[in-house]
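Student: What follows is the file coords.cif, containing mmCIF, C-alpha atoms:
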data_entry
loop_
_atom_site.label_atom_id
_atom_site.label_comp_id
_atom_site.auth_asym_id
_atom_site.auth_seq_id
_atom_site.Cartn_x
_atom_site.Cartn_y
_atom_site.Cartn_z
CA MET S 1 -29.20 28.44 22.36
CA GLU S 2 -31.59 30.02 19.85
CA LYS S 3 -35.13 28.64 19.93
CA ASN S 4 -37.75 28.62 17.17
CA ASN S 5 -35.10 28.62 14.44
CA PRO S 6 -37.06 27.59 11.31
CA ALA S 7 -34.26 25.42 9.91
CA THR S 8 -33.83 23.54 13.19
CA LEU S 9 -37.58 23.03 13.57
CA ARG S 10 -37.81 21.62 10.04
CA ALA S 11 -34.87 19.31 10.69
CA TRP S 12 -36.50 18.07 13.90
CA CYS S 13 -39.71 17.30 11.99
CA MET S 14 -37.69 15.43 9.38
CA TYR S 15 -36.88 12.70 11.87
CA ASP S 16 -40.60 11.96 11.98
CA TRP S 17 -40.40 11.80 8.16
CA ALA S 18 -37.46 9.39 8.45
CA ASN S 19 -38.59 6.95 11.13
CA SER S 20 -42.36 6.88 10.58
CA VAL S 21 -41.81 4.52 7.66
CA TYR S 22 -41.10 1.87 10.30
CA SER S 23 -44.51 2.50 11.89
CA LEU S 24 -46.34 2.24 8.59
CA VAL S 25 -44.44 -0.37 6.58
CA ILE S 26 -43.25 -2.62 9.41
CA THR S 27 -45.83 -2.45 12.18
CA THR S 28 -48.98 -1.54 10.27
CA ALA S 29 -49.05 -2.36 6.56
CA ILE S 30 -46.73 -4.69 4.69
CA PHE S 31 -44.93 -6.61 7.44
CA PRO S 32 -48.02 -7.78 9.40
CA LEU S 33 -49.60 -9.12 6.22
CA TYR S 34 -46.35 -10.72 5.05
CA TYR S 35 -45.93 -12.16 8.56
CA SER S 36 -49.46 -13.63 8.49
CA GLY S 37 -48.78 -15.27 5.13
CA VAL S 38 -45.37 -16.66 6.08
CA THR S 39 -46.61 -18.05 9.42
CA ALA S 40 -49.97 -19.39 8.17
CA GLY S 41 -48.57 -22.92 7.85
CA ALA S 42 -49.56 -25.66 5.42
CA ASN S 43 -52.99 -26.06 7.02
CA GLY S 44 -53.62 -22.31 7.23
CA LEU S 45 -54.23 -22.39 10.99
CA GLY S 46 -51.36 -20.02 11.76
CA ILE S 47 -49.75 -22.14 14.48
CA VAL S 48 -46.04 -21.29 14.80
CA ASN S 49 -43.31 -23.40 16.40
CA VAL S 50 -40.98 -21.00 18.19
CA LEU S 51 -38.22 -22.38 20.39
CA GLY S 52 -40.26 -25.52 21.00
CA PHE S 53 -43.53 -23.72 21.82
CA HIS S 54 -46.59 -23.81 19.54
CA VAL S 55 -48.29 -20.40 19.46
CA LYS S 56 -50.92 -18.83 17.22
CA ASN S 57 -49.25 -16.33 14.90
CA SER S 58 -51.42 -13.32 15.90
CA ILE S 59 -50.68 -13.93 19.59
CA LEU S 60 -46.94 -14.30 18.89
CA PHE S 61 -47.00 -11.00 16.98
CA SER S 62 -48.58 -9.10 19.88
CA TRP S 63 -46.24 -10.71 22.42
CA ALA S 64 -43.17 -9.92 20.30
CA LEU S 65 -44.21 -6.27 20.47
CA SER S 66 -44.65 -6.59 24.22
CA ALA S 67 -41.13 -8.02 24.60
CA ALA S 68 -39.54 -5.19 22.59
CA PHE S 69 -41.30 -2.47 24.52
CA LEU S 70 -40.50 -4.12 27.85
CA VAL S 71 -36.77 -4.04 27.01
CA ILE S 72 -36.94 -0.32 26.22
CA ALA S 73 -39.02 0.40 29.33
CA CYS S 74 -36.33 -1.23 31.49
CA PHE S 75 -33.30 0.52 29.97
CA SER S 76 -34.64 3.86 28.75
CA PRO S 77 -34.56 5.75 32.10
CA LEU S 78 -30.90 5.01 32.78
CA LEU S 79 -29.80 5.64 29.20
CA THR S 80 -31.60 8.99 29.02
CA ALA S 81 -30.13 10.05 32.36
CA ILE S 82 -26.65 9.18 31.07
CA ALA S 83 -27.41 11.13 27.89
CA ASP S 84 -28.42 14.19 29.92
CA PHE S 85 -25.40 13.98 32.21
CA SER S 86 -22.94 13.47 29.36
CA GLY S 87 -24.50 15.80 26.80
CA LYS S 88 -24.48 12.89 24.31
CA LYS S 89 -28.21 12.75 23.64
CA LYS S 90 -27.84 12.88 19.87
CA LEU S 91 -25.29 10.04 19.98
CA PHE S 92 -27.80 7.78 21.74
CA MET S 93 -30.47 8.79 19.24
CA LYS S 94 -28.14 7.79 16.39
CA PHE S 95 -27.38 4.41 17.95
CA PHE S 96 -31.02 3.41 18.21
CA CYS S 97 -31.78 4.82 14.77
CA TYR S 98 -29.10 2.68 13.15
CA LEU S 99 -30.05 -0.39 15.21
CA GLY S 100 -33.65 -0.07 14.03
CA SER S 101 -32.89 0.69 10.39
CA ALA S 102 -30.37 -2.16 10.11
CA SER S 103 -32.86 -4.59 11.69
CA CYS S 104 -35.50 -3.55 9.15
CA ALA S 105 -33.07 -4.34 6.33
CA LEU S 106 -32.24 -7.72 7.92
CA LEU S 107 -35.90 -8.71 7.59
CA TRP S 108 -34.90 -9.53 4.00
CA PHE S 109 -33.87 -12.92 5.39
CA PHE S 110 -37.26 -13.61 7.03
CA THR S 111 -38.98 -16.54 5.30
CA SER S 112 -41.12 -19.49 6.38
CA ASP S 113 -37.88 -21.35 7.14
CA THR S 114 -36.44 -18.57 9.32
CA VAL S 115 -39.35 -17.57 11.53
CA VAL S 116 -37.23 -17.20 14.67
CA TRP S 117 -34.81 -14.94 12.78
CA GLY S 118 -37.72 -12.82 11.55
CA ILE S 119 -39.24 -12.46 15.01
CA PHE S 120 -35.95 -11.31 16.55
CA ALA S 121 -35.21 -8.91 13.69
CA PHE S 122 -38.68 -7.47 14.19
CA ILE S 123 -38.06 -7.13 17.94
CA PHE S 124 -34.74 -5.33 17.40
CA ALA S 125 -36.29 -3.05 14.77
CA THR S 126 -38.97 -2.13 17.30
CA ILE S 127 -36.35 -1.53 20.01
CA GLY S 128 -34.45 0.76 17.64
CA PHE S 129 -37.57 2.71 16.73
CA THR S 130 -38.86 3.15 20.26
CA GLY S 131 -35.39 3.76 21.69
CA SER S 132 -34.67 6.67 19.36
CA ILE S 133 -38.06 8.30 19.90
CA VAL S 134 -37.43 9.29 23.52
CA PHE S 135 -34.27 11.21 22.59
CA TYR S 136 -36.00 12.75 19.59
CA ASN S 137 -38.98 13.91 21.66
CA SER S 138 -36.72 15.43 24.30
CA PHE S 139 -35.34 17.94 21.78
CA LEU S 140 -38.80 19.60 21.61
CA PRO S 141 -38.41 21.90 24.66
CA GLU S 142 -34.81 22.67 23.67
CA ILE S 143 -35.52 23.98 20.16
CA ALA S 144 -38.96 25.62 20.62
CA THR S 145 -40.85 27.78 23.11
CA PRO S 146 -43.99 26.37 24.83
CA ASP S 147 -46.38 28.33 22.61
CA LYS S 148 -45.02 26.35 19.63
CA PHE S 149 -45.22 22.88 21.22
CA ASP S 150 -48.70 21.87 20.01
CA SER S 151 -48.29 23.07 16.43
CA LEU S 152 -44.71 21.77 16.12
CA SER S 153 -45.64 18.37 17.52
CA ALA S 154 -48.55 18.15 15.06
CA ARG S 155 -46.28 19.28 12.23
CA GLY S 156 -43.78 16.54 13.08
CA PHE S 157 -46.47 13.87 12.97
CA SER S 158 -47.73 15.32 9.68
CA TYR S 159 -44.25 15.05 8.17
CA GLY S 160 -44.15 11.45 9.36
CA TYR S 161 -47.48 10.56 7.81
CA ILE S 162 -46.57 12.17 4.47
CA GLY S 163 -43.14 10.55 4.26
CA SER S 164 -44.38 7.12 5.22
CA VAL S 165 -47.23 7.26 2.69
CA ILE S 166 -44.78 8.15 -0.09
CA LEU S 167 -42.52 5.19 0.70
CA LEU S 168 -45.46 2.82 1.16
CA VAL S 169 -46.83 3.73 -2.28
CA LEU S 170 -43.40 3.10 -3.83
CA ASN S 171 -43.15 -0.21 -1.99
CA LEU S 172 -46.62 -1.25 -3.11
CA LEU S 173 -45.91 -0.88 -6.82
CA PRO S 174 -44.00 -4.22 -7.13
CA ILE S 175 -46.71 -5.92 -5.05
CA ILE S 176 -49.71 -4.58 -6.97
CA LYS S 177 -48.05 -4.43 -10.41
CA PRO S 178 -45.50 -7.27 -10.41
CA GLU S 179 -45.48 -7.34 -14.23
CA TRP S 180 -43.74 -3.95 -14.19
CA PHE S 181 -40.85 -5.53 -12.28
CA GLY S 182 -40.32 -8.80 -14.11
CA ASN S 183 -43.21 -10.61 -12.40
CA ILE S 184 -41.54 -10.43 -9.02
CA SER S 185 -43.30 -12.44 -6.30
CA ALA S 186 -45.27 -10.65 -3.58
CA GLY S 187 -43.00 -12.18 -0.94
CA THR S 188 -39.82 -10.91 -2.59
CA ALA S 189 -41.39 -7.47 -3.14
CA SER S 190 -42.30 -7.33 0.55
CA ARG S 191 -38.77 -8.19 1.62
CA ILE S 192 -37.40 -5.49 -0.70
CA ALA S 193 -39.78 -3.09 1.04
CA PHE S 194 -38.20 -3.96 4.39
CA VAL S 195 -34.73 -3.11 3.03
CA CYS S 196 -36.02 0.16 1.54
CA THR S 197 -37.53 1.06 4.90
CA GLY S 198 -34.18 0.69 6.63
CA LEU S 199 -32.39 2.77 3.99
CA TRP S 200 -35.05 5.52 4.03
CA TRP S 201 -34.96 5.71 7.82
CA ALA S 202 -31.17 5.96 8.14
CA GLY S 203 -30.82 8.21 5.09
CA PHE S 204 -33.32 10.95 5.93
CA ALA S 205 -32.28 10.88 9.58
CA GLN S 206 -29.04 12.53 8.49
CA ILE S 207 -30.96 15.79 7.93
CA SER S 208 -31.98 15.81 11.60
CA PHE S 209 -28.58 14.68 12.88
CA ASN S 210 -26.83 17.47 10.97
CA ALA S 211 -29.05 20.25 12.36
CA LEU S 212 -30.02 19.26 15.91
CA PRO S 213 -27.71 20.58 18.64
CA SER S 214 -25.14 18.08 19.89
CA ASN S 215 -24.60 19.46 23.40
CA PRO S 216 -26.87 22.50 23.83
CA TYR S 217 -26.04 23.02 27.52
CA GLN S 218 -22.29 22.47 27.03
CA LYS S 219 -22.10 19.71 29.62
CA LYS S 220 -18.67 18.30 30.43
CA PRO S 221 -19.04 14.83 31.95
CA ASP S 222 -16.60 13.42 34.46
CA GLY S 223 -16.58 10.32 36.62
CA ASN S 224 -18.39 7.04 36.08
CA TRP S 225 -21.19 7.59 33.55
CA ILE S 226 -23.37 4.80 34.93
CA ILE S 227 -23.14 6.02 38.53
CA LYS S 228 -23.70 9.60 37.42
CA GLY S 229 -26.60 8.43 35.27
CA TYR S 230 -28.33 6.88 38.27
CA ALA S 231 -27.73 10.09 40.24
CA GLU S 232 -29.22 12.17 37.41
CA LEU S 233 -32.24 9.89 37.23
CA GLY S 234 -32.74 10.17 40.98
CA LYS S 235 -32.63 13.96 40.78
CA VAL S 236 -35.31 14.05 38.07
CA TRP S 237 -37.46 11.59 40.03
CA ARG S 238 -37.32 13.83 43.10
CA GLU S 239 -38.23 16.84 40.95
CA MET S 240 -41.18 14.97 39.46
CA LYS S 241 -42.60 14.26 42.92
CA SER S 242 -42.86 18.04 43.40
CA VAL S 243 -45.07 18.46 40.30
CA PRO S 244 -48.11 16.20 40.98
CA LYS S 245 -50.00 17.34 37.87
CA THR S 246 -47.25 15.86 35.71
CA GLN S 247 -47.55 12.56 37.57
CA ARG S 248 -51.33 12.56 37.19
CA PHE S 249 -51.05 13.28 33.49
CA LEU S 250 -48.70 10.32 33.03
CA PHE S 251 -51.09 8.06 34.93
CA ALA S 252 -53.99 9.10 32.68
CA PHE S 253 -51.82 8.86 29.55
CA PHE S 254 -50.85 5.31 30.55
CA PHE S 255 -54.44 4.11 30.19
CA TRP S 256 -55.57 5.88 27.03
CA ASN S 257 -52.28 5.11 25.31
CA MET S 258 -52.84 1.40 25.98
CA GLY S 259 -55.86 1.60 23.75
CA VAL S 260 -54.43 3.87 21.05
CA GLN S 261 -51.22 1.96 20.45
CA THR S 262 -52.80 -1.49 20.59
CA VAL S 263 -55.38 -0.50 17.97
CA MET S 264 -52.67 0.93 15.72
CA TYR S 265 -50.41 -2.10 16.01
CA LEU S 266 -53.08 -4.77 15.60
CA ALA S 267 -55.71 -3.18 13.32
CA THR S 268 -54.53 -4.91 10.14
CA ILE S 269 -54.26 -8.25 11.93
CA PHE S 270 -57.89 -7.74 13.06
CA GLY S 271 -59.05 -7.05 9.50
CA GLU S 272 -57.19 -10.08 8.15
CA SER S 273 -58.12 -12.55 10.92
CA GLU S 274 -61.70 -11.54 11.77
CA LEU S 275 -63.00 -10.22 8.45
CA HIS S 276 -60.66 -12.03 6.02
CA LEU S 277 -60.14 -8.87 4.00
CA PRO S 278 -57.76 -9.07 1.02
CA THR S 279 -54.24 -7.72 1.40
CA THR S 280 -54.72 -4.94 -1.16
CA SER S 281 -57.82 -3.63 0.61
CA LEU S 282 -56.08 -3.59 3.97
CA ILE S 283 -53.09 -1.68 2.63
CA LEU S 284 -55.28 0.87 0.86
CA THR S 285 -57.15 1.31 4.15
CA VAL S 286 -53.85 2.02 5.90
CA LEU S 287 -53.03 4.67 3.28
CA LEU S 288 -56.39 6.35 3.87
CA LEU S 289 -55.79 6.22 7.60
CA GLN S 290 -52.42 7.99 7.26
CA LEU S 291 -53.81 10.77 5.07
CA LEU S 292 -56.67 11.43 7.46
CA ALA S 293 -54.20 11.47 10.36
CA ILE S 294 -52.45 14.49 8.81
CA VAL S 295 -55.69 16.45 8.87
CA GLY S 296 -56.57 15.17 12.35
CA SER S 297 -53.28 16.16 13.96
CA LEU S 298 -53.48 19.72 12.60
CA LEU S 299 -57.20 20.01 13.42
CA PHE S 300 -56.79 19.04 17.07
CA ALA S 301 -53.76 21.33 17.43
CA ALA S 302 -56.15 24.13 16.43
CA ILE S 303 -58.83 22.87 18.85
CA SER S 304 -56.27 22.87 21.68
CA ARG S 305 -55.40 26.49 20.88
CA LYS S 306 -59.03 27.49 21.28
CA PHE S 307 -60.23 25.25 24.11
CA GLY S 308 -57.02 24.03 25.74
CA ASN S 309 -55.12 20.75 25.75
CA ARG S 310 -57.23 18.96 28.33
CA ALA S 311 -60.53 19.61 26.53
CA ALA S 312 -59.06 18.55 23.17
CA LEU S 313 -57.70 15.33 24.69
CA ALA S 314 -61.07 14.57 26.32
CA ILE S 315 -62.84 14.90 22.96
CA LEU S 316 -60.33 12.56 21.37
CA ILE S 317 -60.67 9.92 24.10
CA VAL S 318 -64.47 9.89 23.84
CA ILE S 319 -64.18 9.25 20.10
CA TRP S 320 -61.72 6.40 20.76
CA ILE S 321 -64.16 4.80 23.20
CA GLY S 322 -66.77 4.82 20.44
CA ILE S 323 -64.27 3.25 18.02
CA CYS S 324 -63.52 0.32 20.35
CA CYS S 325 -67.18 -0.37 21.07
CA SER S 326 -68.04 -0.17 17.36
CA ALA S 327 -65.24 -2.57 16.43
CA TYR S 328 -66.98 -5.34 18.37
CA TYR S 329 -69.91 -5.19 15.94
CA VAL S 330 -67.98 -4.73 12.68
CA SER S 331 -68.89 -7.55 10.31
CA THR S 332 -68.49 -6.18 6.77
CA ALA S 333 -65.67 -4.66 4.77
CA ASN S 334 -67.46 -1.30 4.41
CA GLN S 335 -68.00 -1.07 8.16
CA PHE S 336 -64.30 -1.76 8.71
CA TYR S 337 -63.30 0.93 6.20
CA LEU S 338 -65.62 3.47 7.81
CA LEU S 339 -64.22 2.72 11.26
CA ALA S 340 -60.68 2.96 9.90
CA ALA S 341 -61.49 6.44 8.58
CA VAL S 342 -62.56 7.52 12.07
CA VAL S 343 -59.39 6.01 13.54
CA GLY S 344 -57.30 7.97 11.06
CA SER S 345 -59.00 11.25 11.95
CA VAL S 346 -58.11 10.94 15.65
CA MET S 347 -54.89 8.92 15.53
CA GLY S 348 -52.52 11.79 14.82
CA GLY S 349 -54.35 14.22 17.09
CA ILE S 350 -54.08 12.18 20.28
CA GLN S 351 -50.43 11.28 19.67
CA SER S 352 -49.24 14.80 18.91
CA LEU S 353 -51.26 16.40 21.72
CA SER S 354 -50.10 13.84 24.27
CA ARG S 355 -46.48 14.65 23.44
CA SER S 356 -46.87 18.43 23.46
CA THR S 357 -48.99 18.43 26.62
CA TYR S 358 -46.33 16.53 28.52
CA ALA S 359 -43.65 18.92 27.22
CA LYS S 360 -45.64 21.81 28.73
CA LEU S 361 -45.74 20.04 32.10
CA ILE S 362 -41.94 19.68 32.34
CA PRO S 363 -40.40 22.33 34.67
CA ALA S 364 -39.06 25.24 32.62
CA HIS S 365 -35.78 25.39 34.56
CA THR S 366 -34.62 21.84 33.84
CA THR S 367 -31.86 20.89 31.41
CA ASP S 368 -32.54 17.15 31.83
CA HIS S 369 -35.14 16.87 29.08
CA ALA S 370 -34.13 13.36 27.99
CA ALA S 371 -34.55 12.01 31.53
CA TRP S 372 -37.89 13.78 31.88
CA PHE S 373 -39.07 12.35 28.59
CA SER S 374 -37.87 8.91 29.66
CA PHE S 375 -40.74 8.83 32.16
CA TYR S 376 -43.14 9.66 29.34
CA ASP S 377 -41.44 7.03 27.19
CA VAL S 378 -41.55 4.35 29.91
CA THR S 379 -45.22 5.10 30.49
CA ASP S 380 -45.79 4.81 26.73
CA LYS S 381 -43.92 1.52 26.42
CA LEU S 382 -45.36 -0.12 29.53
CA SER S 383 -48.84 0.79 28.35
CA ILE S 384 -48.10 -0.88 25.00
CA VAL S 385 -46.67 -3.95 26.73
CA ILE S 386 -49.77 -4.35 28.88
CA GLY S 387 -52.16 -3.36 26.08
CA THR S 388 -50.79 -5.75 23.45
CA PHE S 389 -50.30 -8.55 25.99
CA ALA S 390 -53.84 -8.11 27.34
CA TYR S 391 -55.20 -8.05 23.78
CA GLY S 392 -53.50 -11.36 23.02
CA LEU S 393 -54.49 -12.82 26.39
CA ILE S 394 -58.18 -11.98 25.93
CA GLU S 395 -58.12 -13.42 22.41
CA SER S 396 -56.40 -16.55 23.70
CA ALA S 397 -58.98 -16.99 26.49
CA THR S 398 -62.11 -16.19 24.45
CA GLY S 399 -61.08 -17.18 20.94
CA SER S 400 -62.06 -13.82 19.44
CA MET S 401 -60.26 -10.53 18.83
CA ARG S 402 -63.63 -8.76 19.12
CA ASN S 403 -63.70 -9.32 22.85
CA SER S 404 -60.25 -7.77 23.06
CA THR S 405 -61.55 -4.50 21.55
CA LEU S 406 -64.06 -4.13 24.38
CA GLY S 407 -61.21 -4.45 26.85
CA LEU S 408 -59.47 -1.55 25.10
CA ALA S 409 -62.60 0.60 25.54
CA GLY S 410 -62.26 0.06 29.29
CA PHE S 411 -58.70 1.45 29.20
CA PHE S 412 -59.92 4.61 27.44
CA ILE S 413 -62.69 5.12 29.99
CA ILE S 414 -60.21 4.94 32.87
CA GLY S 415 -57.89 7.37 31.07
CA LEU S 416 -60.75 9.84 30.56
CA ILE S 417 -61.72 9.72 34.23
CA LEU S 418 -58.11 10.30 35.32
CA LEU S 419 -57.73 13.19 32.87
CA LYS S 420 -60.82 14.84 34.34
CA VAL S 421 -59.55 14.53 37.91
CA MET S 422 -56.04 15.68 36.97
CA GLY S 423 -56.99 19.23 37.84
CA LYS S 424 -56.63 22.45 35.91
CA SER S 425 -53.12 23.63 35.16
CA PRO S 426 -51.91 27.14 34.25
CA LEU S 427 -49.31 25.42 32.07
CA LEU S 428 -52.03 24.32 29.63
CA MET S 429 -53.64 27.65 28.78
CA THR S 430 -55.43 28.42 25.57
CA GLU S 431 -53.57 30.97 23.51
CA ARG S 432 -56.60 33.16 22.70
CA LYS S 433 -58.44 33.39 25.99
CA GLN S 434 -55.61 32.57 28.39
CA ALA S 435 -58.15 30.38 30.18
CA VAL S 436 -56.90 27.64 32.43
CA VAL S 437 -57.85 24.14 31.25
#
Can you give me the file's structure in the form of C-alpha cells?

Tutor:
Amino acid sequence: MEKNNPATLRAWCMYDWANSVYSLVITTAIFPLYYSGVTAGANGLGIVNVLGFHVKNSILFSWALSAAFLVIACFSPLLTAIADFSGKKKLFMKFFCYLGSASCALLWFFTSDTVVWGIFAFIFATIGFTGSIVFYNSFLPEIATPDKFDSLSARGFSYGYIGSVILLVLNLLPIIKPEWFGNISAGTASRIAFVCTGLWWAGFAQISFNALPSNPYQKKPDGNWIIKGYAELGKVWREMKSVPKTQRFLFAFFFWNMGVQTVMYLATIFGESELHLPTTSLILTVLLLQLLAIVGSLLFAAISRKFGNRAALAILIVIWIGICCSAYYVSTANQFYLLAAVVGSVMGGIQSLSRSTYAKLIPAHTTDHAAWFSFYDVTDKLSIVIGTFAYGLIESATGSMRNSTLGLAGFFIIGLILLKVMGKSPLLMTERKQAVV
C-alpha cells in the first residue's frame, strides 16, 4: 500500500474537519451553555431530578461524560481487535460516526421537559465521537511514514479547528442576530445548531470514507469473530509487554491527559458557574481558543522536529501546570480570557504530539494498528473518566470548582515526572540532529 499519498493524507485530515464540530459545538461551546440554561430550574440553583436523584447540573454534566467514556473504555479493545482481524476497520469507524452524528441531531428534542432524553443523547453522541476516533487514529501509521507523523497529526488537528470554527460561527448567527432569522429564540437556535453539527459530521466524513483504504492488508477473516478478536487482543498485549517504553509512555499520558481533557470539557462551565460570564463572551472565548490552537499545534510540531518529542511534551506539560494553578486565582473576566488564550496555544500541541508520539512507539512490523491504538484510546478515555469524575467529586466535597483545578495540576505534575523517567528512545529522534530524546 502506497504511503504519503497527498490525496489520502488530505482525506484523513478531513475526518478531523468533520468530527471536531462535535468537540466544539457539543462539548465546549453551545451545548454546555444551553444545558446550563435548560437545567437551571425555576430557582436558578441548577438542581436536576434524574431518575429520582437530585444532582447539581454541573456535576451531572461531568458524570455523564465519565459514563460515556467508561463505556468506550470497556468495549474499545475488543472491537478494535475484531476490526484488525476482520479487516473491517473502516466499517467500525463508520458505525460510530453515524451513531454520534445521529445523536447530535436528536438533541433537537432536548428541552427542560426532556432532561433525561437530553442526557442520554449527549452520552451516545460522546460514545460515537470517541468510538470513531480510535479507528481514525489507527490509520496514521498505515497511510504515512514515521517522519510525517508529527506534522500530519498537527495538520489533522488544524483542519479540525478550522472546520469547527466555521460551523460554530454559522451556528452563532441565529443566536447573536435573531432578528435576521425571524426573531428565533436562543433555545431554538441552539437546537438547530445540534442538528447542523450532526449533518456536518456525517456529510464531510464521506470524503474520508471514500479515500481511506478499506482492507489495506487484505485480511480474510474466518471463524468466530469474537473469539478471534480476543485472540488478536491477547497477541497485541503480549507484544506490548516486550516494548516497555510504550507502556511507560501510556502511563505518563494517562496522567497529563486527565488534566488536558478535563479542562477542555469543563472550561465553559467554570466560566459560567464561577465567574458568571455572559454566554456571548464565553463563546467568543472558545473561538479565540480554537484559532490559537491551530498555531499551537503547528508550532509544537516544529519544536518536536528540532528538540524531539519528549522535550516538546515536557514544555507543554509545564505550561499546563501553570494554567491549572493560575485558574485557582482567576476572579475577573479579563483574567479568564487571558488564561483561555494560553490554553488555546497549548491545547492543540499536546493533543497532536501525544498522538504522533504514540504512533512512533508502535512496532513497525505490526498490522494490528487498531488494536494498538485501542490501548492509547482506553488510556485516553479512562483518564477522562477519572479526571471528570474527580473534578465533580472535589467540587461536590468543597463547594468550589477552583479547588478542582488544583487537583488537575497534580495530575500534570505526575505525568511530567513519569515522562522524564520514561527513558530516551531512538524512536523519537529529532529530524535535524538525529539526537535521541

Student: Between S:Thr262, S:Leu250, S:Ser86, S:Gly271, which residue has the minimum interatomic distance to Leu419 in chain S, considering all atoms listed in the file?

Tutor: S:Leu250

Student: Could you list, as a PyMOL selection string, every residue matched by the PyMOL selection byres ((chain S and resi 329) around 12) in this structure?

Tutor: chain S and resi 274-275+322-328+330-333+335-336+339+401-403+405-406

Student: Report as number ranges by chain all protein, DNA and RNA residues lying within 12 Å of Lys235 in chain S, evaluated on all atoms listed in the file, omitting residues in the same chain fewer than 4 positions from it.

Tutor: S: 81, 84-85, 228-231, 239-242, 366-368, 371-372

Student: Would you pick out the contacts of Ser396 in chain S at 9 Å or less, using only C-alpha atoms, so that residues sharing its chain but fewer than 5 positions from it are not included, and give the list as number ranges by chain?

Tutor: S: 56, 59, 391, 401

Student: Between CA of Gly160 in chain S and CA of Ser345 in chain S, what distance in Å does the model show, to one decimal?

Tutor: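 We find that CA of Gly160 in chain S and CA of Ser345 in chain S lie 15.1 Å from each other.
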
Student: If the box runs along x, y and z of the file and leaves 6 Å on each side of range 379-384 of chain S, what are its centre and edge lengths in Å, one decimal, as lines of an AutoDock Vina configuration file?

Tutor:
center_x = -46.4
center_y = 2.1
center_z = 27.7
size_x = 16.9
size_y = 18.0
size_z = 17.5

Student: Quick one: apply the PyMOL selection byres ((chain S and resi 17-22) around 6) to the file and drop the selected residues here as a PyMOL selection string.

Tutor: chain S and resi 14-16+23-26+159-160+163-164+201+204-205
